[in-house]
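Structure first, then comments.
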Amino acid sequence: MSPPPINLGRKNSPANHQTLTATATATTAAQDARLIVRETLRISATLASSPAEPLVPPLESRNLQLGHGRLDDDFVGSSFRLICCEEIDGRRWNYVAEPDSVTGTFKKGSLRALGLHSPQPPLQGLKSFVTSYVVPEGFPDSVIPSYVPYMTWRALKHFFGGAMGVFTTQTLLSSVGIARNTAAPGAVAINWILKDGAGRVGKMLFARQGKKFDYDLKQLRFAGDLLMELGAGVELATAAVPHLFLPLACAANVAKNVAAVTSTSTRTPIYKAFARGENIGDVTAKGECVGNIADLLGTGMSILISKNNPSLVTTFALLSCGYVLSSYKEVKSVVLHTLNQARFSVAVDAFLKTGRVPSLQEGNVNENVFNFPWVKDGPVVLGPRFKDAFQEPSVYLALEPFFEKERYVVTYNPSKGKVYALLKDQAKSDDILKAAFHAQVLLHFLRLSCDSQPLSQQQMKVGYSNVVPPAKDLEAYIVESCKMVSHSYRIFKSKAAEQGWMMSEAHLNPGRTRLIK
C-alpha cells in the first residue's frame, strides 16, 4: 500500500504543528540513542584491540608513595618483581623480590613487604582502638538495634554506681573502727578503691578476647579457674607482707576479675550445650542455684574449720588442689557439638589413622584443655600473614600452581616448624574448612615421616621444627596431601555430620588475612 498523498496547499493547524514537533523530537532522540550505542561499541572495540598495559610496572618507573613516604633508596633503580598481594582489614601490602640474572630465580633474602596503605590519622587510630574494646566485631550488623540504647544506659548506671562506691566504702571502713582519726579512713578507702579499679581495668582489657570465648571456651574456662586460684594465693600473701598490700591486692583483683569474665562469658554456651529444646533459661537458673548452694556449704565448712586455727598454708593448698581438680573434671565433662581447632585436630587425626570420625563424646574427651588460646600458636596456623608462611618467593611460586583451582594455599615453614593455611580473598566457608583439613593432612604426612626419630621434650615444644623433613622435600608432600584431600575431604565431612559434629569455620578462628591476586 502506497503512503497517502501529502496536501502541501493546506495550512497546518496548531494541533498538526504539535504532532509534527513531537514526531521530530522522537526521531532526534532515537538518532541520539543510536549514536551513543555506536560510540560505545567503537570505544569498547578500541580498548579490546589495544595492548594491555602491565598491571605492575617496574618499580624504577613509578613514583610510589608507600606507607609513610616515598620508596626507600634500596628499591629505587632496582627491578623487583611482584610476588603476591595481601589484604588485612582493608590495608594492603605488595610482596616483591629481586630476580637473580645469573640463576634465573630470585636472590636469597630479597623478599620485601611494601605497604600500599596510608597511616591512619591519630583520631581515627584512637577511634579504632576504643571501638575494639567497647563494641562487638561486625558492629552494628552483628547486633540488634536495641543494643546501643541498652549499653548506653548500662554504662551510665555503672558510672553512677562507681562514683557512689567511693563514698560507701569509705563510710563502711570508718564505721567498723579501722581508724579513729579523720585522715585514715579516707586513705584506706582510696587504697581499697584502687584495688577494685585495677580489677575492673583487667576485666576490660581481657574482654577484648571475647570472640575466643565462642570456640575455645573450655580452655578459657579452665584458665580462668587457675587465675582465680592464683589471685587467692596472692591475697593470702598480703598477710606476710602487709606493707605491700596495695600492689598485691591490685594484682590479685586483676586475676580474679579476669577469671570472672571467663566464667560469665562461657557460662551460657556451656549451659546451652546441656539444654534440649528451648529450656536454656531453666537450665541456667538451676545450674546457678546448685552453684550457690555449694558455695554456701563451703563457706559454712570453712567457718567451722577456722575455729580450730589450722595451718593457713596447708589448708589453702588442700582446698586449691580440690578446686583445680574439680575445675578440670568440670570442663572435661562438657560435650560440645562444634569443631574448634583442638577438636578438629582430634577428629582429622583419628580419621586419617582409622578411617572414622570420633563421636562427640570421644572428641571432647580427647581435646586438650591445657592449650590456652593466648599462648604460642600450635603446629597449624589458619589465616596467617604471608611473611610468616613464606621466607623465600621461590617457595611460594613453586607451590602456587598446585592450588590454582583452590581458594587457599597450604605450606610448611621449616624455620618455624609450623604448617600454614593461607586464604585467598574469594575464600568461602567451605574453602576455610577445606584449608584447615588440608593443613592437618599435610601435618600428618610430615609427622609420619619422622616416626622413626625419637622426639625430645624440647623438640615437641618447638613444634617438630627439628625433625620435620627439610623444605626441599615439601613439594612432594604437598602433591601427596593434595591427592588425599581431593579424595577424602567430602568423606570426612559426611562422616562428621553422621556423628553429630557441626562444621563451622567460625569456630576454627581463621585469621582475616587474605591473598589478593
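Chain labels A, B, ... are given in the sequence in which chains occur in the C-alpha cells; within each chain residues are numbered consecutively from 1, and ligands are likewise numbered from 1 in the order shown.
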
Determine, for each residue of stretch 348-427 of chain A having at least one atom at most 7 Å from an atom of stretch 97-121 of chain A, the closest pair of atoms and their separation in Å to one decimal, counting only C-alpha atoms; order by chain and ascending number, as CSV.
residue,atom,partner,partner_atom,distance
A:Glu392,CA,A:Leu111,CA,6.2
A:Pro393,CA,A:Leu111,CA,6.4
A:Ser394,CA,A:Phe106,CA,6.7

Which residue, A:Leu474, A:Met503, A:Val331, A:Leu318, has the smallest gap to A:Ala347 when you use only C-alpha atoms? A:Met503

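If only C-alpha atoms are the atoms counted, then among A:Lys405, A:Lys307, A:Arg200, A:Lys493 the closest residue to A:Ala251 is A:Arg200.
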
Pairwise distance for atom CA of A:Lys332 and atom CA of A:Lys218, rounded to one decimal in Å: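 These atoms are spaced 7.9 Å apart.
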
Point out the residue among A:Pro510, A:Tyr477, A:Ser504, A:Asn94 with the least atom-to-atom distance to A:Leu448, counting only C-alpha atoms. A:Tyr477

What does the distance between atom CA of A:Ala259 and atom CA of A:Lys127 come to in Å, to one decimal place?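 Computing the Euclidean distance for atom CA of A:Ala259 and atom CA of A:Lys127 yields 27.8 Å.
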
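Reported to one decimal place, the separation of atom CA of A:Leu217 from atom CA of A:His444 is 26.0 Å.
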
Which is closer to A:Asp430 than all the others in A:Ala506, A:Leu446, A:Val346, A:Ile478, using only C-alpha atoms? A:Ala506

Quick one: residues within 10 Å of A:Glu330, only C-alpha atoms, excluding same-chain residues fewer than 6 positions away - as a list in words?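 Contacts, in chain order: Lys218, Arg221, Phe222 and Val324 of chain A.
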
If you keep C-alpha atoms, can you produce a file of those selected residues as an mmCIF file, in the first residue's frame?
data_model
loop_
_atom_site.group_PDB
_atom_site.id
_atom_site.type_symbol
_atom_site.label_atom_id
_atom_site.label_comp_id
_atom_site.auth_asym_id
_atom_site.auth_seq_id
_atom_site.Cartn_x
_atom_site.Cartn_y
_atom_site.Cartn_z
ATOM 1 C CA LYS A 218 36.887 -24.948 77.628
ATOM 2 C CA ARG A 221 37.161 -21.589 81.446
ATOM 3 C CA PHE A 222 39.916 -23.769 82.915
ATOM 4 C CA VAL A 324 41.658 -27.200 90.376
#

Which of stretch 213-380 of chain A DSSP labels helix (DSSP H, G or I), written as a count of residues only: 125
